[in-house]
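target.txt (compact mmCIF, C-alpha atoms and all ligand atoms) appears below.
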# COMPACT_ATOMS: atom_id res chain seq x y z
CA MET Z 1 -28.97 -20.70 19.05
CA ASP Z 2 -28.93 -20.97 22.79
CA PRO Z 3 -28.34 -24.48 24.09
CA TYR Z 4 -30.83 -26.15 26.40
CA ILE Z 5 -29.29 -26.35 29.89
CA GLU Z 6 -30.34 -28.96 32.42
CA ARG Z 7 -29.09 -28.12 35.91
CA SER Z 8 -28.37 -30.69 38.57
CA PRO Z 9 -26.85 -30.34 42.06
CA ASP Z 10 -23.39 -31.35 40.78
CA GLY Z 11 -23.34 -29.15 37.72
CA ALA Z 12 -25.18 -28.82 34.46
CA VAL Z 13 -25.60 -30.51 31.12
CA ALA Z 14 -25.97 -28.38 28.01
CA ILE Z 15 -27.68 -29.79 24.96
CA GLY Z 16 -27.38 -27.93 21.68
CA THR Z 17 -26.74 -28.33 18.01
CA LEU Z 18 -23.36 -29.24 16.60
CA ASP Z 19 -23.38 -25.83 14.94
CA SER Z 20 -23.57 -24.04 18.29
CA LEU Z 21 -20.68 -26.09 19.59
CA LEU Z 22 -18.62 -25.30 16.52
CA ASN Z 23 -19.53 -21.64 16.75
CA LEU Z 24 -18.46 -21.52 20.37
CA ALA Z 25 -15.05 -22.78 19.31
CA ARG Z 26 -14.85 -20.56 16.24
CA LYS Z 27 -15.85 -17.48 18.13
CA ASN Z 28 -13.32 -17.89 20.90
CA SER Z 29 -10.37 -18.58 18.69
CA GLU Z 30 -10.67 -15.86 16.11
CA TRP Z 31 -7.15 -15.80 14.76
CA TYR Z 32 -6.18 -12.84 12.64
CA LEU Z 33 -3.50 -12.54 10.04
CA LEU Z 34 -0.50 -10.48 11.10
CA PHE Z 35 -0.59 -8.28 8.06
CA ALA Z 36 -0.51 -4.52 7.66
CA THR Z 37 0.17 -2.21 4.76
CA ALA Z 38 0.65 1.19 6.41
CA CYS Z 39 0.52 3.22 9.62
CA CYS Z 40 -2.68 1.55 10.88
CA GLY Z 41 -0.45 -1.46 11.36
CA ILE Z 42 1.17 0.26 14.34
CA GLU Z 43 -2.20 0.47 16.01
CA LEU Z 44 -2.83 -3.16 15.08
CA MET Z 45 0.35 -4.11 16.95
CA GLN Z 46 -0.77 -2.01 19.87
CA THR Z 47 -4.07 -3.91 19.94
CA GLY Z 48 -2.17 -7.15 20.41
CA GLY Z 49 0.09 -5.57 23.02
CA PRO Z 50 -0.27 -5.78 26.80
CA ARG Z 51 -2.38 -2.66 27.34
CA THR Z 52 -5.40 -3.72 25.30
CA ASP Z 53 -4.42 -7.40 25.17
CA ALA Z 54 -6.59 -8.81 22.41
CA ASP Z 55 -5.47 -12.28 23.50
CA ARG Z 56 -7.98 -12.41 26.30
CA PHE Z 57 -10.82 -12.67 23.76
CA GLY Z 58 -9.05 -15.38 21.82
CA PHE Z 59 -7.79 -12.98 19.12
CA VAL Z 60 -4.33 -14.36 18.43
CA PHE Z 61 -2.23 -13.28 15.47
CA ARG Z 62 -1.05 -15.86 13.00
CA PRO Z 63 1.86 -15.22 10.68
CA THR Z 64 0.44 -17.34 7.88
CA PRO Z 65 -2.88 -17.03 6.06
CA ARG Z 66 -3.37 -20.80 6.23
CA GLN Z 67 -4.02 -20.56 9.95
CA ALA Z 68 -5.95 -17.29 10.01
CA ASP Z 69 -9.72 -16.75 10.21
CA THR Z 70 -9.76 -12.99 9.81
CA ILE Z 71 -7.73 -10.65 7.67
CA ILE Z 72 -7.48 -7.07 8.88
CA LEU Z 73 -6.84 -4.58 6.10
CA ALA Z 74 -4.69 -2.28 8.20
CA GLY Z 75 -3.59 0.61 6.04
CA THR Z 76 -3.30 2.04 2.58
CA ILE Z 77 -3.53 -0.53 -0.19
CA THR Z 78 -1.80 0.35 -3.43
CA TYR Z 79 -2.68 -1.16 -6.79
CA LYS Z 80 0.60 -3.03 -6.74
CA MET Z 81 -0.33 -4.50 -3.35
CA ALA Z 82 -3.94 -5.29 -4.32
CA SER Z 83 -3.15 -8.56 -6.06
CA ARG Z 84 -1.00 -9.63 -3.09
CA VAL Z 85 -3.80 -8.83 -0.65
CA ARG Z 86 -6.18 -10.84 -2.78
CA LEU Z 87 -3.69 -13.73 -2.88
CA LEU Z 88 -3.39 -13.72 0.92
CA TYR Z 89 -7.16 -13.77 1.23
CA GLU Z 90 -7.51 -16.64 -1.19
CA GLN Z 91 -5.00 -18.68 0.78
CA MET Z 92 -7.12 -18.47 3.92
CA ALA Z 93 -9.38 -21.40 4.70
CA GLU Z 94 -13.11 -20.76 4.81
CA PRO Z 95 -14.97 -19.49 6.77
CA ARG Z 96 -12.97 -16.28 6.57
CA TYR Z 97 -13.77 -12.73 7.50
CA VAL Z 98 -12.45 -9.33 6.48
CA ILE Z 99 -12.13 -6.23 8.65
CA SER Z 100 -11.39 -2.94 6.94
CA MET Z 101 -9.41 -0.83 9.40
CA GLY Z 102 -9.04 2.92 9.04
CA SER Z 103 -9.99 5.51 6.44
CA CYS Z 104 -7.51 4.22 3.87
CA ALA Z 105 -8.88 0.72 3.81
CA ASN Z 106 -12.47 2.02 3.93
CA THR Z 107 -12.34 4.53 1.08
CA GLY Z 108 -8.77 5.46 0.23
CA GLY Z 109 -8.93 8.09 2.97
CA PRO Z 110 -6.42 10.95 2.79
CA PHE Z 111 -5.03 9.51 -0.45
CA TYR Z 112 -8.33 9.53 -2.33
CA ASP Z 113 -7.02 11.73 -5.14
CA SER Z 114 -3.73 9.95 -5.50
CA TYR Z 115 -3.03 7.68 -8.46
CA PRO Z 116 -1.63 4.50 -6.85
CA VAL Z 117 -4.07 3.97 -3.95
CA VAL Z 118 -7.01 1.57 -4.11
CA LYS Z 119 -10.12 3.53 -3.15
CA GLY Z 120 -11.30 1.10 -0.52
CA GLY Z 121 -10.56 -2.48 0.43
CA ASP Z 122 -14.14 -3.45 -0.41
CA LEU Z 123 -13.31 -3.05 -4.10
CA ILE Z 124 -11.02 -6.07 -3.84
CA LEU Z 125 -12.32 -8.13 -0.90
CA PRO Z 126 -15.79 -8.70 0.60
CA VAL Z 127 -15.54 -6.65 3.81
CA ASP Z 128 -17.51 -7.71 6.89
CA VAL Z 129 -16.77 -4.87 9.31
CA TYR Z 130 -15.56 -1.33 8.69
CA VAL Z 131 -13.72 0.59 11.42
CA ALA Z 132 -13.62 4.36 11.13
CA GLY Z 133 -10.62 6.39 12.22
CA CYS Z 134 -7.19 7.48 11.09
CA PRO Z 135 -5.99 5.32 12.74
CA PRO Z 136 -8.77 3.72 14.79
CA ARG Z 137 -7.97 3.26 18.46
CA PRO Z 138 -7.19 -0.26 19.66
CA GLU Z 139 -10.54 -0.33 21.46
CA ALA Z 140 -12.30 0.27 18.15
CA LEU Z 141 -10.42 -2.57 16.51
CA ILE Z 142 -11.31 -4.87 19.41
CA GLU Z 143 -14.93 -3.93 18.90
CA ALA Z 144 -14.65 -4.77 15.22
CA LEU Z 145 -13.17 -8.16 16.08
CA MET Z 146 -16.06 -8.70 18.48
CA LEU Z 147 -18.56 -7.79 15.76
CA VAL Z 148 -16.98 -10.52 13.69
CA GLN Z 149 -17.46 -12.87 16.66
CA ASP Z 150 -21.08 -11.82 16.63
CA LYS Z 151 -21.34 -12.63 12.98
CA MET Z 152 -19.69 -16.01 13.56
CA ALA Z 153 -22.21 -16.82 16.26
CA ARG Z 154 -25.07 -16.05 13.87
CA GLU Z 155 -23.73 -18.23 11.11
CA PRO Z 156 -24.29 -21.99 11.38
CA TRP Z 157 -21.25 -22.78 9.31
CA LEU Z 158 -21.88 -26.51 9.04
CA ARG Z 159 -25.26 -25.89 7.48
CA LYS Z 160 -24.03 -23.02 5.39
CA ALA Z 161 -21.18 -25.08 3.96
CA ARG Z 162 -23.70 -27.73 2.92
CA GLY Z 163 -25.90 -25.14 1.26
CA ARG Z 164 -28.73 -25.51 3.81
CA TRP Z 165 -28.60 -22.00 5.22
CA PRO Z 166 -30.05 -19.36 5.10
CA ASP Z 167 -33.39 -21.15 4.85
CA PRO Z 168 -36.70 -19.63 5.99
CA LYS Z 169 -37.78 -22.98 7.46
CA ASP Z 170 -34.61 -23.41 9.50
CA PRO Z 171 -35.10 -22.58 13.19
CA TRP Z 172 -31.63 -21.02 13.20
CA PRO Z 173 -32.01 -17.23 13.06
CA GLN Z 174 -31.70 -15.52 9.72
CA PRO Z 175 -28.64 -13.33 9.03
CA SER Z 176 -28.79 -10.35 11.29
CA ALA Z 177 -30.66 -7.37 9.91
CA VAL Z 178 -28.51 -5.07 12.03
CA LEU Z 179 -25.24 -6.35 10.63
CA GLY Z 180 -26.67 -6.28 7.13
CA SER Z 181 -27.74 -2.68 7.32
CA CYS Z 182 -24.35 -1.64 8.73
CA ALA Z 183 -22.68 -3.07 5.66
CA ALA Z 184 -25.19 -1.38 3.35
CA ALA Z 185 -24.65 2.00 5.01
CA ALA Z 186 -20.91 1.66 4.65
CA LYS Z 187 -21.28 0.83 0.96
CA GLY Z 188 -23.47 3.86 0.27
CA PRO Z 189 -22.51 7.09 -1.45
CA THR Z 190 -19.13 8.45 -0.53
CA PRO Z 191 -18.39 12.14 -1.03
CA LYS Z 192 -15.44 12.67 -3.29
CA GLY Z 193 -12.23 14.00 -1.71
CA MET Y 1 34.51 24.82 -1.32
CA LYS Y 2 32.17 27.63 -2.37
CA PRO Y 3 29.56 26.87 -5.07
CA GLU Y 4 31.25 29.36 -7.40
CA GLU Y 5 34.54 27.52 -7.06
CA ILE Y 6 32.80 24.25 -7.78
CA ARG Y 7 31.30 25.83 -10.88
CA ASP Y 8 34.70 27.14 -11.99
CA LYS Y 9 36.29 23.77 -11.46
CA LEU Y 10 33.55 22.05 -13.45
CA THR Y 11 33.60 24.54 -16.33
CA ALA Y 12 37.39 24.24 -16.52
CA SER Y 13 37.03 20.63 -17.60
CA LEU Y 14 33.60 20.78 -19.29
CA GLY Y 15 33.24 24.15 -20.93
CA ALA Y 16 30.47 26.62 -20.12
CA ALA Y 17 27.66 25.56 -17.83
CA GLU Y 18 24.68 27.55 -16.67
CA TYR Y 19 24.90 28.51 -13.02
CA THR Y 20 22.05 29.48 -10.67
CA PRO Y 21 23.03 30.72 -7.23
CA GLY Y 22 20.27 29.91 -4.84
CA PRO Y 23 19.02 30.74 -1.44
CA GLY Y 24 19.40 27.00 -0.92
CA ASP Y 25 21.81 24.83 -2.82
CA ALA Y 26 23.34 26.45 -5.91
CA ALA Y 27 22.59 24.66 -9.17
CA ILE Y 28 24.67 23.92 -12.25
CA THR Y 29 22.78 23.09 -15.44
CA VAL Y 30 24.61 21.13 -18.12
CA PRO Y 31 23.44 19.97 -21.55
CA VAL Y 32 22.37 16.34 -21.61
CA ASP Y 33 25.36 15.18 -23.68
CA ARG Y 34 27.69 16.37 -20.89
CA TRP Y 35 25.52 14.86 -18.14
CA HIS Y 36 27.57 11.75 -17.52
CA GLU Y 37 30.87 13.59 -17.90
CA ALA Y 38 29.83 16.29 -15.41
CA ALA Y 39 28.80 13.64 -12.90
CA THR Y 40 32.10 11.82 -13.33
CA VAL Y 41 34.09 15.01 -12.74
CA LEU Y 42 32.06 15.88 -9.65
CA ARG Y 43 32.54 12.39 -8.29
CA ARG Y 44 36.20 11.74 -9.18
CA ASP Y 45 37.92 15.11 -8.82
CA PRO Y 46 39.67 14.95 -5.42
CA ASP Y 47 38.84 18.60 -4.67
CA LEU Y 48 35.14 18.11 -5.42
CA ASP Y 49 34.66 14.48 -4.34
CA PHE Y 50 30.87 14.34 -4.23
CA ASP Y 51 30.62 10.94 -2.62
CA PHE Y 52 26.92 10.99 -1.77
CA LEU Y 53 24.01 11.16 -4.19
CA ARG Y 54 21.26 12.53 -1.98
CA SER Y 55 18.52 12.32 -4.56
CA LEU Y 56 17.92 12.07 -8.25
CA SER Y 57 14.54 13.28 -9.35
CA GLY Y 58 12.61 14.85 -12.19
CA VAL Y 59 10.55 17.96 -12.86
CA ASP Y 60 8.05 18.09 -15.69
CA ARG Y 61 7.86 21.49 -17.45
CA PRO Y 62 5.33 21.23 -20.27
CA ALA Y 63 5.44 25.03 -20.81
CA VAL Y 64 9.00 24.80 -22.13
CA GLY Y 65 8.63 21.26 -23.46
CA LYS Y 66 11.28 19.87 -21.15
CA ILE Y 67 11.74 17.39 -18.37
CA GLU Y 68 14.43 18.42 -15.93
CA VAL Y 69 16.53 15.77 -14.24
CA VAL Y 70 17.92 16.98 -10.94
CA CYS Y 71 20.72 15.51 -8.83
CA HIS Y 72 21.33 16.67 -5.27
CA LEU Y 73 24.90 15.98 -4.31
CA LEU Y 74 26.83 16.13 -1.09
CA SER Y 75 30.46 15.60 -0.23
CA TYR Y 76 31.05 14.14 3.19
CA ARG Y 77 34.75 14.79 2.92
CA HIS Y 78 34.59 18.48 1.99
CA ARG Y 79 31.18 19.27 3.50
CA HIS Y 80 29.87 21.02 0.42
CA THR Y 81 26.75 20.51 -1.68
CA ILE Y 82 25.66 21.25 -5.23
CA VAL Y 83 22.69 20.58 -7.48
CA LEU Y 84 23.35 19.23 -10.94
CA LYS Y 85 20.59 19.63 -13.52
CA THR Y 86 19.89 18.89 -17.12
CA GLY Y 87 16.89 19.56 -19.34
CA ILE Y 88 15.76 16.94 -21.83
CA ASP Y 89 13.24 16.95 -24.61
CA ARG Y 90 9.79 16.08 -23.31
CA SER Y 91 8.59 14.22 -26.39
CA ALA Y 92 11.47 11.72 -26.40
CA PRO Y 93 13.12 12.01 -22.99
CA ALA Y 94 16.38 10.11 -22.63
CA VAL Y 95 19.30 10.56 -20.30
CA PRO Y 96 22.44 8.47 -19.77
CA THR Y 97 22.65 6.48 -16.57
CA LEU Y 98 24.73 7.60 -13.60
CA SER Y 99 24.54 4.25 -11.87
CA ASP Y 100 28.17 3.54 -12.74
CA VAL Y 101 29.18 6.76 -10.96
CA TRP Y 102 26.91 6.42 -7.92
CA PRO Y 103 25.41 2.94 -7.50
CA ALA Y 104 22.55 4.60 -5.58
CA ALA Y 105 21.39 6.14 -8.84
CA ASN Y 106 20.14 2.76 -10.00
CA TRP Y 107 16.82 2.80 -8.15
CA HIS Y 108 16.44 6.58 -8.45
CA GLU Y 109 16.63 6.23 -12.20
CA ARG Y 110 14.14 3.39 -12.18
CA GLU Y 111 11.81 5.72 -10.31
CA LEU Y 112 12.50 8.44 -12.88
CA TYR Y 113 11.54 6.01 -15.60
CA ASP Y 114 8.49 4.84 -13.69
CA LEU Y 115 6.99 8.22 -12.86
CA PHE Y 116 8.22 10.42 -15.74
CA GLY Y 117 8.80 7.94 -18.53
CA VAL Y 118 12.41 9.01 -18.99
CA ASN Y 119 14.38 6.42 -20.91
CA VAL Y 120 17.62 5.98 -18.99
CA THR Y 121 20.10 4.72 -21.56
CA SER Y 122 22.56 1.94 -20.66
CA HIS Y 123 20.85 1.42 -17.30
CA PRO Y 124 21.56 -2.14 -16.05
CA ASP Y 125 17.97 -2.92 -15.04
CA LEU Y 126 15.39 -0.43 -16.29
CA ARG Y 127 12.06 -1.62 -14.90
CA ARG Y 128 9.28 0.16 -13.07
CA LEU Y 129 10.09 0.58 -9.40
CA LEU Y 130 6.97 1.67 -7.50
CA LEU Y 131 4.08 0.93 -9.82
CA PRO Y 132 3.06 -2.48 -11.14
CA GLU Y 133 4.75 -3.68 -14.32
CA ASP Y 134 1.56 -3.47 -16.40
CA TRP Y 135 0.72 0.12 -15.41
CA VAL Y 136 -0.12 2.44 -18.28
CA GLY Y 137 1.39 5.93 -18.34
CA HIS Y 138 3.72 7.92 -16.12
CA PRO Y 139 1.77 9.63 -13.35
CA LEU Y 140 4.05 12.56 -12.50
CA ARG Y 141 3.73 13.95 -16.02
CA LYS Y 142 1.51 17.02 -15.84
CA ASP Y 143 -0.73 15.73 -18.63
CA TYR Y 144 -1.24 12.29 -17.04
CA LYS Y 145 -4.85 11.11 -17.21
CA GLU Y 146 -5.98 8.58 -14.67
CA PRO Y 147 -7.58 5.56 -16.30
CA ASP Y 148 -11.01 4.38 -15.14
CA SER Y 149 -9.80 1.14 -13.72
CA TYR Y 150 -6.75 -1.00 -13.16
CA ARG Y 151 -7.22 -4.76 -13.60
CA GLY Y 152 -10.93 -4.42 -12.99
CA ILE Y 153 -10.56 -2.31 -9.83
CA PRO Y 154 -12.35 1.00 -10.38
CA MET Y 155 -10.25 4.08 -9.62
CA GLN Y 156 -13.13 6.07 -8.16
CA ARG Y 157 -15.46 4.94 -5.44
CA PRO Y 158 -18.96 4.12 -6.62
CA GLN Y 159 -21.07 7.22 -5.91
CA THR Y 160 -24.44 5.46 -5.61
CA ALA Y 161 -25.49 2.11 -4.24
CA ALA Y 162 -26.48 1.07 -7.76
CA GLU Y 163 -22.92 1.52 -9.02
CA ALA Y 164 -21.47 -0.48 -6.15
CA VAL Y 165 -19.21 -3.26 -7.30
CA THR Y 166 -19.07 -6.67 -5.73
CA PRO Y 167 -15.56 -7.97 -5.30
CA PRO Y 168 -14.90 -11.14 -7.26
CA ALA Y 169 -16.31 -14.15 -5.49
CA ALA Y 170 -13.95 -16.65 -3.96
CA PRO Y 171 -13.06 -19.48 -6.32
CA GLU Y 172 -15.41 -22.44 -6.12
CA LYS Y 173 -14.43 -25.28 -3.87
CA PRO Y 174 -13.45 -28.35 -5.87
S1 LIG C 201 -6.21 5.43 7.90
FE1 LIG C 201 -4.69 6.93 8.64
S2 LIG C 201 -3.43 5.77 10.08
FE2 LIG C 201 -4.54 4.27 8.83
S3 LIG C 201 -3.17 3.75 7.16
FE3 LIG C 201 -4.48 5.42 6.45
S4 LIG C 201 -3.33 7.30 6.89
FE4 LIG C 201 -2.41 5.65 8.10

As structure tokens, please, write out the structure in this file.
Ligand code: SF4
Amino acid sequence: MDPYIERSPDGAVAIGTLDSLLNLARKNSEWYLLFATACCGIELMQTGGPRTDADRFGFVFRPTPRQADTIILAGTITYKMASRVRLLYEQMAEPRYVISMGSCANTGGPFYDSYPVVKGGDLILPVDVYVAGCPPRPEALIEALMLVQDKMAREPWLRKARGRWPDPKDPWPQPSAVLGSCAAAAKGPTPKG
Amino acid sequence: MKPEEIRDKLTASLGAAEYTPGPGDAAITVPVDRWHEAATVLRRDPDLDFDFLRSLSGVDRPAVGKIEVVCHLLSYRHRHTIVLKTGIDRSAPAVPTLSDVWPAANWHERELYDLFGVNVTSHPDLRRLLLPEDWVGHPLRKDYKEPDSYRGIPMQRPQTAAEAVTPPAAPEKP
């Protein structure tokens, strides 16, 4: 929710809920796990590099899941890797978010008919944002990270953690219909092959 | 050394071996009970001296009921190459290990076991290499059937929204 801002000649005072303050902090320090399973990982490195510079939005990579807010499934996940991916996710502190990057992580991609590849990261983790592409460009990944920021801003985590949200009587907005329908569309029928 | 000379040298110490000249590397096929001996001769004979095992792989041939095990060999010293092959029974495939001749064969043979189900006898550490330990079946066999799921993960994507699976929820907070 937008804070109430009182302006005065020397500056301004903003009054808001603790949730908006927390969200402001959460949103601008979205740390992602430095983790990749295949060639999309190269593009993930590029996103953190100087040309696209994800740092300027507060997207900083962390080498350990204990410090990460977001896990990016960058690349092909094999069945042998699946339990490791799940383990990494479970080591992350809540609230945590999942981005599925590239065709492989979305649906298995070019390896759909192959025996060892998991046919989509959403079969093992609850995915928040899907990025299309093989591999997606760094700009697309930045957009996905910003969609997660958007989701963070809509989620009053303090209330949610105490089981008080979503609640129709709460003045805080309900979960975004737009984000919800994106996820539903991505989960819909997938043509084989 | 020419492939024919390599063949002659090998047959001199082994007895007859089937020889296939190729547009690519020429191949020598030996029966499986001479497999280890043939490899040792190719490796140790100073004129042959195949010091590099380029690959060790398998070919499934259900039509003739055999699995072929294929070694691609190269000698850095003499700059010559050869392919060494053997055919083994498909219903109970077993082949002796070459990991004492070329240490590189160790992982290649684990892969052979993993993907073709070939039992490599006297191998120091015969475990699956690429697939998880609890995988069922050997996927490069021609008659391999993909199971429906592995540890609860479906192997096909849900085709309708109704079939969609929800990933397991995160464990409850204490
Ligand atoms: S989506 Fe394309 S680039 Fe990304 S991991 Fe798969 S094959 Fe590689």

Residues of chain Y no more than 6 Å from chain Z, counting only C-alpha atoms: send them over as a ChimeraX atom specification.
/Y:132,157,159-161,167

One number please: atom CA of Y:Tyr19 to atom CA of Y:Asp89, in Å, one decimal.
20.1 Å

Give me, as CSV, each residue of chain Z that comes within 6 Å of ligand LIG 201 (chain C), together with its shortest interatomic pair and the distance in Å at one decimal, counting all atoms listed in the file, with rows ordered by chain and rising residue number.
residue,atom,partner,partner_atom,distance
Z:Ala38,CA,C:LIG201,S3,4.7
Z:Cys39,CA,C:LIG201,FE4,4.1
Z:Cys40,CA,C:LIG201,FE2,3.9
Z:Gly75,CA,C:LIG201,S3,3.4
Z:Thr76,CA,C:LIG201,S3,4.9
Z:Gly102,CA,C:LIG201,S1,4.0
Z:Ser103,CA,C:LIG201,S1,4.1
Z:Cys104,CA,C:LIG201,FE3,4.2
Z:Cys134,CA,C:LIG201,FE1,3.5
Z:Pro135,CA,C:LIG201,S2,3.7

Report as AutoDock Vina command-line options the centre and the edge lengths, in Å to one decimal, of the axis-aligned box holding every listed atom of stretch 55-62 of chain Y, padded by 8 Å on each side.
--center_x 11.9 --center_y 16.8 --center_z -12.4 --size_x 29.2 --size_y 25.4 --size_z 31.7

Quick one: everything within 7 Å of Y:Val32, counting only C-alpha atoms, minus sequence neighbours fewer than 3 positions away in the same chain. Send it as a ChimeraX atom specification.
/Y:35,86-88,95

Restricting the output to C-alpha atoms, write the selected residues as a PDB file, keeping the file's coordinate frame.
ATOM      1  CA  TRP Y  35      25.520  14.860 -18.140  1.00  0.00           C
ATOM      2  CA  THR Y  86      19.890  18.890 -17.120  1.00  0.00           C
ATOM      3  CA  GLY Y  87      16.890  19.560 -19.340  1.00  0.00           C
ATOM      4  CA  ILE Y  88      15.760  16.940 -21.830  1.00  0.00           C
ATOM      5  CA  VAL Y  95      19.300  10.560 -20.300  1.00  0.00           C
TER       6      VAL Y  95
END

Quote the spacing between atom CA of Z:Leu21 and atom CA of Z:Tyr97 in Å to one decimal place.
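Interatomic distance, atom CA of Z:Leu21 to atom CA of Z:Tyr97: 19.3 Å.
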
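Residue nearest Y:Val101, chosen from Y:Lys85, Y:Arg43, Y:Lys2, Y:Arg151 and counting all atoms listed in the file: Y:Arg43.
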
For atom CA of Y:Val41 and atom CA of Y:Ser13, quote the distance in Å rounded to one decimal.
8.0 Å

If we count all atoms listed in the file, what is near Y:Leu48 at a cut-off of 12 Å, once residues fewer than 6 positions away on the same chain are taken out, given as a list in words?
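These residues fall inside the cut-off: Met1, Lys2, Pro3, Glu5, Ile6, Arg7, Asp8, Lys9, Leu10, Ala38, Ala39, Thr40, Val41, Leu42, Leu73, Leu74, Ser75, Tyr76, Arg77, His78, Arg79, His80, Thr81 and Ile82 of chain Y.
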
Selected residues written out with C-alpha atoms, as a PDB file, keeping the file's coordinate frame:
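Wrote part.pdb, looks like this:
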ATOM      1  CA  MET Y   1      34.510  24.820  -1.320  1.00  0.00           C
ATOM      2  CA  LYS Y   2      32.170  27.630  -2.370  1.00  0.00           C
ATOM      3  CA  PRO Y   3      29.560  26.870  -5.070  1.00  0.00           C
ATOM      4  CA  GLU Y   5      34.540  27.520  -7.060  1.00  0.00           C
ATOM      5  CA  ILE Y   6      32.800  24.250  -7.780  1.00  0.00           C
ATOM      6  CA  ARG Y   7      31.300  25.830 -10.880  1.00  0.00           C
ATOM      7  CA  ASP Y   8      34.700  27.140 -11.990  1.00  0.00           C
ATOM      8  CA  LYS Y   9      36.290  23.770 -11.460  1.00  0.00           C
ATOM      9  CA  LEU Y  10      33.550  22.050 -13.450  1.00  0.00           C
ATOM     10  CA  ALA Y  38      29.830  16.290 -15.410  1.00  0.00           C
ATOM     11  CA  ALA Y  39      28.800  13.640 -12.900  1.00  0.00           C
ATOM     12  CA  THR Y  40      32.100  11.820 -13.330  1.00  0.00           C
ATOM     13  CA  VAL Y  41      34.090  15.010 -12.740  1.00  0.00           C
ATOM     14  CA  LEU Y  42      32.060  15.880  -9.650  1.00  0.00           C
ATOM     15  CA  LEU Y  73      24.900  15.980  -4.310  1.00  0.00           C
ATOM     16  CA  LEU Y  74      26.830  16.130  -1.090  1.00  0.00           C
ATOM     17  CA  SER Y  75      30.460  15.600  -0.230  1.00  0.00           C
ATOM     18  CA  TYR Y  76      31.050  14.140   3.190  1.00  0.00           C
ATOM     19  CA  ARG Y  77      34.750  14.790   2.920  1.00  0.00           C
ATOM     20  CA  HIS Y  78      34.590  18.480   1.990  1.00  0.00           C
ATOM     21  CA  ARG Y  79      31.180  19.270   3.500  1.00  0.00           C
ATOM     22  CA  HIS Y  80      29.870  21.020   0.420  1.00  0.00           C
ATOM     23  CA  THR Y  81      26.750  20.510  -1.680  1.00  0.00           C
ATOM     24  CA  ILE Y  82      25.660  21.250  -5.230  1.00  0.00           C
TER      25      ILE Y  82
END

Within-10 Å shell of (-20.3, -18.9, 4.4) in input frame, only C-alpha atoms, as a PyMOL selection string:
chain Z and resi 94-97+152+155-163+165-166

List the spatial neighbours of Y:Arg141 as number ranges by chain - criterion: any atom at most 9 Å away, only C-alpha atoms, same-chain residues fewer than 2 positions off excluded.
Y: 59-62, 115-117, 137-139, 143-144

Using all atoms listed in the file, find the one residue out of Z:Leu87, Z:Val60, Z:Ala132, Z:Ala140 that sits nearest to Z:Lys27.
Z:Val60

Missing atoms in stretch 67-75 of chain Y should be modelled up to N, CA, C and O atoms and reported as a PDB file, in the frame of the given file.
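Generated file (rebuild08.pdb):
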ATOM      1  N   ILE Y  67      11.727  18.038 -19.680  1.00  0.00           N
ATOM      2  CA  ILE Y  67      11.740  17.390 -18.370  1.00  0.00           C
ATOM      3  C   ILE Y  67      13.121  17.650 -17.792  1.00  0.00           C
ATOM      4  O   ILE Y  67      14.127  17.457 -18.466  1.00  0.00           O
ATOM      5  N   GLU Y  68      13.148  18.167 -16.577  1.00  0.00           N
ATOM      6  CA  GLU Y  68      14.430  18.420 -15.930  1.00  0.00           C
ATOM      7  C   GLU Y  68      14.795  17.219 -15.066  1.00  0.00           C
ATOM      8  O   GLU Y  68      13.946  16.692 -14.355  1.00  0.00           O
ATOM      9  N   VAL Y  69      16.034  16.816 -15.146  1.00  0.00           N
ATOM     10  CA  VAL Y  69      16.530  15.770 -14.240  1.00  0.00           C
ATOM     11  C   VAL Y  69      17.460  16.459 -13.253  1.00  0.00           C
ATOM     12  O   VAL Y  69      18.325  17.253 -13.651  1.00  0.00           O
ATOM     13  N   VAL Y  70      17.242  16.224 -11.990  1.00  0.00           N
ATOM     14  CA  VAL Y  70      17.920  16.980 -10.940  1.00  0.00           C
ATOM     15  C   VAL Y  70      18.642  16.027  -9.996  1.00  0.00           C
ATOM     16  O   VAL Y  70      18.049  15.092  -9.485  1.00  0.00           O
ATOM     17  N   CYS Y  71      19.930  16.296  -9.769  1.00  0.00           N
ATOM     18  CA  CYS Y  71      20.720  15.510  -8.830  1.00  0.00           C
ATOM     19  C   CYS Y  71      21.112  16.386  -7.649  1.00  0.00           C
ATOM     20  O   CYS Y  71      21.694  17.447  -7.858  1.00  0.00           O
ATOM     21  N   HIS Y  72      20.843  15.962  -6.455  1.00  0.00           N
ATOM     22  CA  HIS Y  72      21.330  16.670  -5.270  1.00  0.00           C
ATOM     23  C   HIS Y  72      22.550  15.929  -4.761  1.00  0.00           C
ATOM     24  O   HIS Y  72      22.452  14.749  -4.452  1.00  0.00           O
ATOM     25  N   LEU Y  73      23.649  16.643  -4.663  1.00  0.00           N
ATOM     26  CA  LEU Y  73      24.900  15.980  -4.310  1.00  0.00           C
ATOM     27  C   LEU Y  73      25.486  16.561  -3.039  1.00  0.00           C
ATOM     28  O   LEU Y  73      25.302  17.739  -2.733  1.00  0.00           O
ATOM     29  N   LEU Y  74      26.184  15.708  -2.322  1.00  0.00           N
ATOM     30  CA  LEU Y  74      26.830  16.130  -1.090  1.00  0.00           C
ATOM     31  C   LEU Y  74      28.189  15.459  -1.015  1.00  0.00           C
ATOM     32  O   LEU Y  74      28.354  14.330  -1.473  1.00  0.00           O
ATOM     33  N   SER Y  75      29.164  16.215  -0.469  1.00  0.00           N
ATOM     34  CA  SER Y  75      30.460  15.600  -0.230  1.00  0.00           C
ATOM     35  C   SER Y  75      30.668  15.511   1.278  1.00  0.00           C
ATOM     36  O   SER Y  75      30.686  16.524   1.965  1.00  0.00           O
TER      37      SER Y  75
END
